[in-house]
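Coordinates as given in my_file_21.csv (CSV, C-alpha atoms and all ligand atoms):
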```
chain,number,residue,atom,x,y,z
A,1,MET,CA,11.5,2.8,-1.8
A,2,LEU,CA,10.2,0.1,0.5
A,3,GLU,CA,9.4,-2.9,-1.7
A,4,SER,CA,6.1,-3.6,-0.1
A,5,LEU,CA,4.6,-0.2,-0.8
A,6,THR,CA,4.2,1.9,-3.9
A,7,PRO,CA,5.6,5.5,-3.9
A,8,ALA,CA,2.0,6.9,-3.8
A,9,GLU,CA,1.2,4.7,-0.8
A,10,GLN,CA,4.3,5.9,0.9
A,11,VAL,CA,3.3,9.6,0.4
A,12,LEU,CA,-0.2,8.9,1.6
A,13,SER,CA,1.2,7.1,4.6
A,14,ILE,CA,3.3,10.1,5.6
A,15,LEU,CA,0.5,12.6,5.0
A,16,TYR,CA,-1.8,10.4,7.1
A,17,SER,CA,0.5,10.1,10.1
A,18,THR,CA,1.3,13.9,10.0
A,19,LEU,CA,-2.4,14.8,10.0
A,20,VAL,CA,-3.3,12.3,12.7
A,21,GLU,CA,-0.6,13.8,14.9
A,22,TYR,CA,-2.0,17.3,14.1
A,23,VAL,CA,-5.6,16.5,15.1
A,24,GLY,CA,-4.5,14.5,18.1
A,25,HIS,CA,-6.7,12.1,20.1
A,26,ALA,CA,-9.5,12.3,22.5
A,27,GLU,CA,-8.5,13.5,26.0
A,28,LYS,CA,-10.4,12.8,29.2
A,29,LEU,CA,-12.9,15.3,30.4
A,30,LYS,CA,-11.5,17.7,33.0
A,31,LEU,CA,-13.3,16.3,36.0
A,32,HIS,CA,-12.0,16.4,39.5
A,33,GLY,CA,-13.3,16.7,43.0
A,34,ASP,CA,-16.9,16.5,43.9
A,35,LYS,CA,-18.2,19.4,41.8
A,36,ASN,CA,-17.5,19.9,38.1
A,37,PHE,CA,-18.8,22.3,35.6
A,38,ILE,CA,-19.1,21.5,31.9
A,39,ILE,CA,-20.2,24.5,29.8
A,40,LEU,CA,-21.3,23.8,26.3
A,41,VAL,CA,-21.1,26.7,23.8
A,42,GLY,CA,-21.7,27.0,20.1
A,43,LEU,CA,-24.0,28.3,17.5
A,44,GLN,CA,-27.7,27.4,17.3
A,45,GLY,CA,-28.5,24.2,15.4
A,46,ASN,CA,-25.1,22.7,15.8
A,47,GLY,CA,-26.3,20.1,18.3
A,48,LYS,CA,-25.6,21.7,21.7
A,49,THR,CA,-28.7,20.7,23.5
A,50,THR,CA,-28.7,17.2,22.2
A,51,THR,CA,-25.0,16.9,23.2
A,52,ALA,CA,-25.7,18.2,26.7
A,53,ALA,CA,-28.2,15.3,27.2
A,54,LYS,CA,-25.8,12.8,25.6
A,55,LEU,CA,-23.0,13.8,27.9
A,56,GLY,CA,-25.2,13.5,30.9
A,57,TYR,CA,-26.2,10.0,29.8
A,58,TYR,CA,-22.6,9.1,29.1
A,59,LEU,CA,-21.3,10.2,32.5
A,60,LYS,CA,-24.1,8.6,34.3
A,61,LYS,CA,-24.1,5.3,32.5
A,62,LYS,CA,-20.4,4.8,32.0
A,63,PHE,CA,-18.8,6.5,35.0
A,64,ASN,CA,-21.5,6.6,37.6
A,65,TYR,CA,-21.4,10.3,37.8
A,66,ASN,CA,-24.4,12.1,39.2
A,67,PRO,CA,-25.0,14.7,36.4
A,68,LEU,CA,-27.3,17.7,36.4
A,69,LEU,CA,-28.6,19.2,33.2
A,70,VAL,CA,-28.9,23.0,33.3
A,71,PRO,CA,-30.6,24.7,30.4
A,72,PHE,CA,-29.4,28.2,30.2
A,73,ASP,CA,-30.8,29.9,27.1
A,74,PHE,CA,-33.3,32.3,28.7
A,75,LYS,CA,-34.3,33.9,25.4
A,76,ARG,CA,-35.5,30.6,23.8
A,77,PRO,CA,-38.0,28.7,25.9
A,78,ALA,CA,-38.0,26.0,23.3
A,79,SER,CA,-34.4,25.1,24.1
A,80,PHE,CA,-35.4,24.8,27.8
A,81,ASP,CA,-38.2,22.5,27.0
A,82,GLN,CA,-36.0,20.4,24.7
A,83,LEU,CA,-33.4,19.7,27.4
A,84,ILE,CA,-35.9,19.1,30.1
A,85,GLN,CA,-37.7,16.7,27.9
A,86,LEU,CA,-34.5,14.8,27.1
A,87,GLY,CA,-33.7,14.7,30.9
A,88,LYS,CA,-37.1,13.3,31.7
A,89,THR,CA,-37.0,10.7,28.9
A,90,ASN,CA,-33.5,9.4,29.9
A,91,ASP,CA,-33.8,9.7,33.6
A,92,ILE,CA,-31.2,12.5,34.0
A,93,ALA,CA,-31.9,15.3,36.5
A,94,TYR,CA,-32.3,18.9,35.4
A,95,LEU,CA,-32.5,22.3,37.1
A,96,ASP,CA,-35.1,24.7,35.8
A,97,LEU,CA,-34.0,28.3,36.4
A,98,ARG,CA,-36.5,29.9,34.1
A,99,ASN,CA,-37.9,32.1,36.8
A,100,GLU,CA,-34.6,33.6,37.8
A,101,GLU,CA,-34.3,37.4,37.3
A,102,ASN,CA,-31.1,37.4,35.3
A,103,VAL,CA,-28.1,35.3,34.3
A,104,LYS,CA,-26.1,36.2,37.4
A,105,SER,CA,-28.8,35.1,39.8
A,106,ALA,CA,-29.4,31.9,37.9
A,107,LEU,CA,-25.7,31.2,38.0
A,108,SER,CA,-25.7,31.6,41.8
A,109,LYS,CA,-28.3,28.9,42.2
A,110,ILE,CA,-26.4,26.1,40.5
A,111,LYS,CA,-23.7,25.2,43.1
A,112,PRO,CA,-25.9,25.3,46.2
A,113,TYR,CA,-28.4,23.1,44.3
A,114,MET,CA,-25.7,20.6,43.5
A,115,GLU,CA,-24.5,20.5,47.1
A,116,LYS,CA,-27.9,20.1,48.5
A,117,ASN,CA,-28.8,17.2,46.1
A,118,GLY,CA,-25.5,15.5,45.7
A,119,PHE,CA,-24.9,16.3,42.0
A,120,ASN,CA,-21.2,16.2,41.1
A,121,VAL,CA,-21.3,17.5,37.6
A,122,ALA,CA,-23.4,20.3,36.1
A,123,ILE,CA,-23.8,20.4,32.3
A,124,ILE,CA,-24.7,23.9,31.3
A,125,ASP,CA,-26.4,24.3,27.9
A,126,THR,CA,-25.7,27.9,27.1
A,127,ALA,CA,-27.6,30.2,24.7
A,128,GLY,CA,-26.9,29.8,21.0
A,129,ARG,CA,-27.7,32.2,18.2
A,130,LYS,CA,-27.6,31.8,14.4
A,131,GLU,CA,-24.4,33.8,14.3
A,132,ILE,CA,-21.9,35.4,16.7
A,133,ASP,CA,-23.1,38.5,18.3
A,134,ILE,CA,-21.5,40.6,21.1
A,135,PRO,CA,-24.3,40.4,23.7
A,136,LEU,CA,-24.3,36.6,23.4
A,137,MET,CA,-20.5,36.5,23.7
A,138,GLU,CA,-20.6,38.7,26.8
A,139,GLU,CA,-23.2,36.5,28.4
A,140,LEU,CA,-21.1,33.4,27.7
A,141,LYS,CA,-18.0,35.1,29.1
A,142,LEU,CA,-19.9,35.9,32.3
A,143,ILE,CA,-20.8,32.2,32.6
A,144,ASN,CA,-17.3,31.0,31.7
A,145,ASP,CA,-15.6,33.3,34.2
A,146,TYR,CA,-18.1,32.5,37.0
A,147,PHE,CA,-16.9,29.0,37.6
A,148,GLU,CA,-13.4,28.0,38.8
A,149,ASP,CA,-11.6,26.0,36.1
A,150,PRO,CA,-14.6,24.8,34.1
A,151,GLU,CA,-14.5,22.5,31.1
A,152,THR,CA,-15.7,24.8,28.4
A,153,LEU,CA,-16.5,22.7,25.3
A,154,MET,CA,-17.4,24.1,21.9
A,155,VAL,CA,-20.0,22.1,20.1
A,156,MET,CA,-19.8,22.3,16.3
A,157,ASP,CA,-21.4,20.7,13.4
A,158,VAL,CA,-18.7,18.8,11.6
A,159,THR,CA,-20.2,19.7,8.2
A,160,LEU,CA,-19.3,23.4,8.6
A,161,GLY,CA,-16.9,24.3,5.9
A,162,GLN,CA,-14.6,27.3,5.7
A,163,THR,CA,-16.8,29.3,8.1
A,164,ALA,CA,-15.7,27.0,11.0
A,165,LEU,CA,-12.4,28.9,11.2
A,166,ASP,CA,-14.1,32.3,11.9
A,167,ILE,CA,-16.6,30.8,14.2
A,168,VAL,CA,-14.0,29.3,16.4
A,169,LYS,CA,-11.9,32.5,16.3
A,170,GLY,CA,-15.0,34.4,17.4
A,171,PHE,CA,-15.6,32.2,20.4
A,172,LYS,CA,-12.0,32.0,21.4
A,173,GLN,CA,-11.8,35.8,21.5
A,174,TYR,CA,-14.1,35.8,24.5
A,175,LEU,CA,-13.8,32.4,26.1
A,176,ASN,CA,-11.2,30.0,27.4
A,177,ILE,CA,-12.3,27.0,25.3
A,178,THR,CA,-10.8,23.8,26.7
A,179,GLY,CA,-12.0,21.3,24.1
A,180,GLY,CA,-14.4,20.5,21.3
A,181,ILE,CA,-17.3,18.2,20.5
A,182,PHE,CA,-18.1,17.7,16.8
A,183,THR,CA,-21.6,16.6,15.9
A,184,LYS,CA,-23.3,14.9,12.9
A,185,PHE,CA,-20.4,12.7,12.1
A,186,ASP,CA,-22.9,10.2,10.8
A,187,SER,CA,-24.4,12.5,8.2
A,188,SER,CA,-21.3,13.6,6.2
A,189,ALA,CA,-17.8,12.6,5.2
A,190,LYS,CA,-16.5,16.1,5.9
A,191,GLY,CA,-14.2,16.9,8.8
A,192,GLY,CA,-12.0,19.9,7.8
A,193,SER,CA,-13.6,21.9,10.6
A,194,VAL,CA,-11.8,19.7,13.1
A,195,LEU,CA,-8.5,21.0,11.7
A,196,SER,CA,-9.7,24.6,12.0
A,197,PHE,CA,-10.6,24.0,15.6
A,198,ARG,CA,-7.2,22.5,16.4
A,199,TYR,CA,-5.5,25.3,14.5
A,200,VAL,CA,-7.3,28.1,16.4
A,201,THR,CA,-7.5,26.6,19.9
A,202,GLY,CA,-4.7,24.1,20.0
A,203,ASN,CA,-7.0,22.1,22.3
A,204,PRO,CA,-8.3,18.5,21.9
A,205,VAL,CA,-11.5,17.4,20.4
A,206,LYS,CA,-13.0,15.1,23.0
A,207,PHE,CA,-16.1,13.6,21.6
A,208,VAL,CA,-18.1,13.2,18.4
A,209,GLY,CA,-21.8,12.9,17.9
A,210,THR,CA,-22.7,10.0,15.6
A,211,GLY,CA,-26.5,10.2,15.5
A,212,GLU,CA,-29.6,11.7,17.0
A,213,LYS,CA,-30.1,9.1,19.8
A,214,ILE,CA,-29.0,9.7,23.4
A,215,GLN,CA,-26.2,7.0,23.2
A,216,ASP,CA,-24.8,8.4,19.9
A,217,LEU,CA,-21.7,10.0,21.5
A,218,GLU,CA,-18.2,8.5,21.0
A,219,LEU,CA,-14.7,9.4,21.9
A,220,PHE,CA,-13.0,11.4,19.1
A,221,ASP,CA,-10.6,9.2,17.1
A,222,GLY,CA,-8.0,11.1,15.0
A,223,ASP,CA,-7.2,8.0,12.9
A,224,ALA,CA,-10.8,7.5,11.8
A,225,LEU,CA,-11.2,11.2,11.0
A,226,ILE,CA,-8.1,11.4,8.8
A,227,SER,CA,-8.8,8.1,7.0
A,228,ARG,CA,-12.2,9.6,6.2
A,229,LEU,CA,-10.8,13.0,5.1
A,230,LEU,CA,-8.3,11.4,2.8
A,231,GLY,CA,-11.0,9.2,1.4
A,232,ARG,CA,-9.0,6.0,1.7
A,233,GLY,CA,-9.8,2.8,3.4
A,234,ASP,CA,-7.2,1.5,5.8
A,235,LEU,CA,-4.7,4.3,6.1
A,236,LYS,CA,-3.8,3.3,9.6
A,237,GLY,CA,-3.0,-0.1,8.3
A,238,LEU,CA,-0.9,1.3,5.6
A,239,PHE,CA,1.0,3.5,8.0
A,240,GLU,CA,1.7,0.5,10.2
A,241,LYS,CA,2.8,-1.5,7.2
A,242,ALA,CA,5.3,1.3,6.2
A,243,GLN,CA,6.7,1.3,9.7
A,244,GLU,CA,6.9,-2.4,9.8
A,245,ALA,CA,8.6,-2.5,6.4
A,246,ILE,CA,11.3,-0.1,7.6
A,247,SER,CA,11.9,-1.9,10.8
A,248,LEU,CA,11.8,-5.4,9.5
A,249,GLU,CA,13.4,-5.2,6.1
A,250,GLU,CA,16.2,-2.9,7.1
A,251,SER,CA,16.9,-2.6,10.8
A,252,GLU,CA,17.3,-6.3,11.2
A,253,LYS,CA,19.7,-6.6,8.4
A,254,ILE,CA,21.7,-3.5,9.5
A,255,ALA,CA,21.8,-4.8,13.1
A,256,LYS,CA,23.1,-8.1,11.9
A,257,ASP,CA,25.8,-6.5,9.8
A,258,PHE,CA,27.0,-4.4,12.6
A,259,GLU,CA,27.2,-7.4,14.9
A,260,SER,CA,29.1,-9.5,12.5
A,261,GLY,CA,31.3,-6.6,11.3
A,262,ARG,CA,31.3,-8.2,7.9
A,263,PHE,CA,29.3,-7.0,4.9
A,264,ASP,CA,29.5,-6.4,1.2
A,265,LEU,CA,28.6,-3.5,-1.1
A,266,ASN,CA,24.9,-4.4,-1.0
A,267,ASP,CA,24.9,-3.8,2.7
A,268,LEU,CA,26.8,-0.6,2.3
A,269,LYS,CA,24.1,0.6,-0.2
A,270,MET,CA,21.4,-0.3,2.3
A,271,GLN,CA,23.1,1.5,5.1
A,272,LEU,CA,23.7,4.6,2.9
A,273,GLU,CA,20.0,4.6,2.0
A,274,SER,CA,19.1,4.4,5.7
A,275,LEU,CA,21.4,7.2,6.5
A,276,LEU,CA,19.8,9.3,3.8
A,277,LYS,CA,16.4,8.5,5.2
A,278,MET,CA,17.5,9.5,8.7
A,279,GLY,CA,18.9,12.8,7.5
A,280,GLY,CA,22.5,11.9,7.1
A,281,ILE,CA,25.0,10.5,9.6
A,282,SER,CA,25.7,13.9,11.1
A,283,LYS,CA,22.1,14.1,12.2
A,284,VAL,CA,22.2,10.6,13.7
A,285,PHE,CA,25.5,11.3,15.5
A,286,SER,CA,24.3,14.7,16.7
A,287,MET,CA,21.7,12.8,18.8
A,288,LEU,CA,24.4,10.6,20.5
A,289,PRO,CA,26.7,12.0,23.1
A,290,ASN,CA,30.5,11.4,23.2
A,291,PHE,CA,31.0,10.6,19.5
A,292,SER,CA,33.9,13.0,19.0
A,293,ASN,CA,36.4,10.2,19.2
A,294,ILE,CA,35.1,8.5,16.1
A,295,LYS,CA,36.5,9.7,12.8
A,296,ILE,CA,33.7,9.8,10.2
A,297,PRO,CA,34.7,10.1,6.5
A,298,LYS,CA,33.3,13.5,5.4
A,299,GLU,CA,31.5,11.8,2.5
A,300,TYR,CA,29.0,10.4,4.9
A,301,MET,CA,28.0,13.9,6.1
A,302,ASP,CA,26.9,15.1,2.7
A,303,GLU,CA,23.5,14.1,1.2
A,304,LYS,CA,24.6,14.6,-2.4
A,305,ALA,CA,27.7,12.5,-1.9
A,306,LEU,CA,25.6,9.8,-0.3
A,307,LYS,CA,23.3,9.7,-3.3
A,308,ARG,CA,26.3,9.5,-5.7
A,309,MET,CA,27.8,6.6,-3.8
A,310,ILE,CA,24.4,4.8,-4.0
A,311,ALA,CA,24.3,5.4,-7.8
A,312,ILE,CA,27.8,4.0,-8.2
A,313,ILE,CA,26.8,0.8,-6.3
A,314,ASN,CA,23.7,0.6,-8.5
A,315,ALA,CA,25.9,0.5,-11.6
A,316,MET,CA,27.7,-2.6,-10.4
A,317,THR,CA,26.7,-6.2,-11.1
A,318,LYS,CA,25.4,-8.5,-8.5
A,319,GLU,CA,28.6,-10.3,-8.3
A,320,GLU,CA,30.7,-7.2,-8.0
A,321,ARG,CA,28.6,-6.0,-5.1
A,322,ALA,CA,29.0,-9.3,-3.3
A,323,HIS,CA,32.7,-9.6,-4.0
A,324,PRO,CA,34.2,-6.1,-4.3
A,325,GLU,CA,37.7,-7.6,-4.6
A,326,ILE,CA,36.9,-8.6,-8.3
A,327,ILE,CA,36.5,-5.0,-9.3
A,328,ASN,CA,39.5,-4.5,-11.6
A,329,ALA,CA,40.5,-1.6,-13.7
A,330,SER,CA,38.2,-2.4,-16.7
A,331,ARG,CA,35.3,-3.0,-14.4
A,332,LYS,CA,35.9,0.3,-12.7
A,333,GLU,CA,35.9,2.0,-16.1
A,334,ARG,CA,32.6,0.5,-17.0
A,335,ILE,CA,31.0,1.5,-13.7
A,336,ALA,CA,32.3,5.0,-14.0
A,337,ARG,CA,30.9,5.3,-17.5
A,338,GLY,CA,27.5,3.9,-16.3
A,339,THR,CA,27.3,6.5,-13.6
A,340,HIS,CA,28.8,9.5,-15.4
A,341,VAL,CA,31.5,9.8,-12.8
A,342,SER,CA,35.3,9.6,-12.9
A,343,LYS,CA,37.2,6.4,-12.2
A,344,ALA,CA,38.7,8.3,-9.3
A,345,GLU,CA,35.3,8.5,-7.7
A,346,VAL,CA,34.7,4.8,-8.1
A,347,ASN,CA,38.1,4.2,-6.4
A,348,GLN,CA,37.0,6.6,-3.7
A,349,LEU,CA,33.9,4.7,-3.1
A,350,LEU,CA,35.8,1.4,-2.8
A,351,LYS,CA,38.1,3.1,-0.3
A,352,ASN,CA,35.0,4.4,1.6
A,353,PHE,CA,33.7,0.9,1.6
A,354,GLU,CA,36.8,-0.1,3.6
A,355,ASN,CA,36.4,2.9,5.8
A,356,PHE,CA,32.8,2.0,6.4
A,357,LYS,CA,33.8,-1.5,7.5
A,358,LYS,CA,36.2,0.1,10.0
A,359,LEU,CA,33.5,2.5,11.2
A,360,SER,CA,31.1,-0.4,11.7
A,361,LYS,CA,33.8,-2.2,13.8
A,362,ASN,CA,34.2,1.0,15.9
A,363,LEU,CA,30.5,1.2,16.5
A,364,LYS,CA,30.5,-2.4,17.5
A,365,ASN,CA,33.1,-1.8,20.1
A,366,LEU,CA,31.5,1.3,21.6
A,367,ASP,CA,31.3,1.1,25.3
A,368,ILE,CA,27.7,2.3,26.1
A,369,SER,CA,28.5,2.5,29.8
A,370,LYS,CA,30.7,5.5,29.2
A,371,PHE,CA,27.8,7.5,27.8
A,372,ARG,CA,26.5,10.4,29.8
A,373,PHE,CA,22.8,11.2,29.3
A,401,LIG,P1,-28.6,23.3,19.3
A,401,LIG,O1,-29.5,24.4,18.7
A,401,LIG,O2,-27.2,23.6,19.1
A,401,LIG,O3,-29.0,23.1,20.7
A,401,LIG,O4,-28.9,22.0,18.5
A,401,LIG,P2,-29.8,20.8,18.8
A,401,LIG,O5,-29.3,20.0,19.9
A,401,LIG,O6,-31.2,21.2,18.9
A,401,LIG,O7,-29.6,19.9,17.4
A,401,LIG,C1,-30.0,20.4,16.2
A,401,LIG,C2,-30.4,19.2,15.3
A,401,LIG,O8,-29.3,18.4,15.1
A,401,LIG,C3,-31.4,18.3,16.0
A,401,LIG,O9,-32.3,17.8,15.0
A,401,LIG,C4,-30.6,17.1,16.5
A,401,LIG,O10,-31.3,15.9,16.6
A,401,LIG,C5,-29.5,17.0,15.4
A,401,LIG,N1,-28.3,16.4,15.9
A,401,LIG,C6,-27.5,16.8,17.0
A,401,LIG,N2,-26.4,16.0,17.1
A,401,LIG,C7,-26.4,15.1,16.0
A,401,LIG,C8,-25.6,14.1,15.5
A,401,LIG,O11,-24.5,13.8,16.1
A,401,LIG,N3,-26.0,13.4,14.4
A,401,LIG,C9,-27.2,13.8,13.7
A,401,LIG,N4,-27.5,13.1,12.6
A,401,LIG,N5,-28.0,14.7,14.2
A,401,LIG,C10,-27.6,15.4,15.3
```
Since I need it in another form, could you write the structure as structure tokens?
Amino acid sequence: MLESLTPAEQVLSILYSTLVEYVGHAEKLKLHGDKNFIILVGLQGNGKTTTAAKLGYYLKKKFNYNPLLVPFDFKRPASFDQLIQLGKTNDIAYLDLRNEENVKSALSKIKPYMEKNGFNVAIIDTAGRKEIDIPLMEELKLINDYFEDPETLMVMDVTLGQTALDIVKGFKQYLNITGGIFTKFDSSAKGGSVLSFRYVTGNPVKFVGTGEKIQDLELFDGDALISRLLGRGDLKGLFEKAQEAISLEESEKIAKDFESGRFDLNDLKMQLESLLKMGGISKVFSMLPNFSNIKIPKEYMDEKALKRMIAIINAMTKEERAHPEIINASRKERIARGTHVSKAEVNQLLKNFENFKKLSKNLKNLDISKFRF
């Protein structure tokens, strides 16, 4: 146990770092060349149209792109009006394709319009329905397949619970989803749907919506999400503290011991504990090439034996640990009784201690230049 953290804090810290790694971090939008296509897909009411405008604003203001908003839900005129209104209010261009005959002919107009007017990114706000239906999915697939290497982002309400999993699966069946945007981060402390999204698509969540206003779009931050999910304040800080504790309290001391080649049983105990934490010495050595010339006592390979050795050292007095030479027959007997082991085992540990000293000297004299990586 690290002195500066309670066991509960250590467990939380491990859980936290594992989940942060799982949800990942925001990745850049897939934008390259002079014509880019961002297709937003998702169910109705999840915030797709609002997000389309937010993205246009973000790309224009922050990165000087010249974005074009393209409303594309031909069955819901209200959705057209909503995006066009957002474009007008925020000075972002839009393309009104309402009079086109069908989806295909509408699609064919986008690229030429961009070329003619110098737009370098089209943000296509596709149709959304209350639930997944096949005609909708086929239409989305048509759009997704029409463009070469588009950025197809799924827009989802972060407050969706268990249903998120099936919704993402439904979309993934038809589309090549390249990333996600989660909306309404400001209105709930939920976030499990992000885990579902990562689980199904394996792709990054790129942005989060944090309000109804045009500028309320932020890069996704895995740390913040997991802190929120676990309902604790500064988990990131806790994790950093745990890392610091390991590196400062232990590595420095171990490094010093190895350099000096001189240490007592306290040091041996600390090293055994570190070995245990790293998965035993065989694991450590398996990562290093050319170690076959070093003889390692087999006790150091076995987790149970490592633990028993630590228990024996724990049963010793402070003085005995600092000066192993004072451990005479009666002291050995007392230690053996205290640890429920035989005297022979205590003797073995003291012999191991000598071996360990030698091992440490061997390590000290290793010639790194002979390694082949
Ligand atoms: P669509 O049907 O998927 O196009 O969804 P809309 O863009 O029309 O959004 C539905 C509602 O959610 C609207 O009232 C939006 O203002 C609201 N909304 C969208 N994104 C956010 C967000 O990040 N935070 C909050 N609080 N509301 C949002």
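Among the candidate residues A:Glu115, A:Gly191, A:Thr50, A:Glu101, the one lying nearest to Gln85 of chain A is A:Thr50, with distances computed using all atoms listed in the file.
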inquiry  = I'd like the contact shell of Gly179 of chain A - 8 Å cut-off, only C-alpha atoms, skipping same-chain residues fewer than 6 positions apart - returned as a VMD selection string.
reply    = chain A and resid 151 to 154 203 to 206
Can you list every residue of chain A that has an atom at most 6 Å from ligand LIG 401 (chain A), with its nearest atom pair and the distance in Å to one decimal, using all atoms listed in the file, ordered by chain then number, as CSV?
```
residue,atom,partner,partner_atom,distance
A:Leu43,CA,A:LIG401,O2,5.9
A:Gln44,CA,A:LIG401,O1,3.8
A:Gly45,CA,A:LIG401,O1,3.5
A:Asn46,CA,A:LIG401,O2,4.0
A:Gly47,CA,A:LIG401,O4,3.2
A:Lys48,CA,A:LIG401,O2,3.6
A:Thr49,CA,A:LIG401,O3,3.7
A:Thr50,CA,A:LIG401,O5,3.7
A:Thr183,CA,A:LIG401,O11,4.0
A:Lys184,CA,A:LIG401,N3,3.4
A:Phe185,CA,A:LIG401,O11,5.8
A:Asp186,CA,A:LIG401,N4,5.7
A:Ser187,CA,A:LIG401,N4,5.4
A:Gly209,CA,A:LIG401,O11,3.4
A:Thr210,CA,A:LIG401,O11,4.2
A:Gly211,CA,A:LIG401,N3,3.4
A:Glu212,CA,A:LIG401,N5,4.4
```
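Compared by their closest atoms to Val208 of chain A, and using only C-alpha atoms, the residues A:Leu350, A:Met114, A:Val11, A:Leu55 rank with A:Leu55 nearest.
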ask   = For Tyr113 of chain A, which of A:Lys54, A:Arg76, A:Lys35, A:Lys60 is the closest residue, counting all atoms listed in the file?
value =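 Ranking A:Lys54, A:Arg76, A:Lys35, A:Lys60 by distance to Tyr113 of chain A, first place goes to A:Lys35.
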ask   = So which one's closest to Glu100 of chain A, A:Glu345, A:Glu139, A:Asp73, A:Glu333? Using all atoms listed in the file, please.
value = A:Asp73
key: Closest of A:Asp145, A:Asp157, A:Asp221, A:Asp166 to Lys190 of chain A - atom-to-atom distances counting only C-alpha atoms   =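 Of A:Asp145, A:Asp157, A:Asp221, A:Asp166, the one nearest Lys190 of chain A, counting only C-alpha atoms, is A:Asp157.
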query = Distance atom CA of Asn176 of chain A-atom CA of Tyr22 of chain A, one decimal place?
reply =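 Going from atom CA of Asn176 of chain A over to atom CA of Tyr22 of chain A, I get 20.6 Å.
The nearest approach to Arg337 of chain A among the residues A:Phe74, A:His323, A:Tyr174, A:Ala315, with all atoms listed in the file taken into account, belongs to A:Ala315.
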Could you name the residues that touch Met137 of chain A at 12 Å or less, counting all atoms listed in the file, but leaving out those on the same chain fewer than 6 positions away, as a tab-separated table (two decimals) with C-alpha atoms, keeping the file's coordinate frame?
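Final file, out19.tsv:
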```
chain	number	residue	atom	x	y	z
A	41	VAL	CA	-21.10	26.70	23.80
A	42	GLY	CA	-21.70	27.00	20.10
A	43	LEU	CA	-24.00	28.30	17.50
A	126	THR	CA	-25.70	27.90	27.10
A	127	ALA	CA	-27.60	30.20	24.70
A	128	GLY	CA	-26.90	29.80	21.00
A	129	ARG	CA	-27.70	32.20	18.20
A	131	GLU	CA	-24.40	33.80	14.30
A	143	ILE	CA	-20.80	32.20	32.60
A	144	ASN	CA	-17.30	31.00	31.70
A	167	ILE	CA	-16.60	30.80	14.20
A	170	GLY	CA	-15.00	34.40	17.40
A	171	PHE	CA	-15.60	32.20	20.40
A	172	LYS	CA	-12.00	32.00	21.40
A	173	GLN	CA	-11.80	35.80	21.50
A	174	TYR	CA	-14.10	35.80	24.50
A	175	LEU	CA	-13.80	32.40	26.10
A	176	ASN	CA	-11.20	30.00	27.40
```
Might I get the box with edges along x, y and z of the file that holds all atoms of segment 146-157 of chain A listed there, padded by 5 Å on every side, given as centre and edge lengths in Å to one decimal, as JSON?
```
{"center_x": -16.5, "center_y": 26.6, "center_z": 26.1, "size_x": 19.8, "size_y": 21.8, "size_z": 35.4}
```
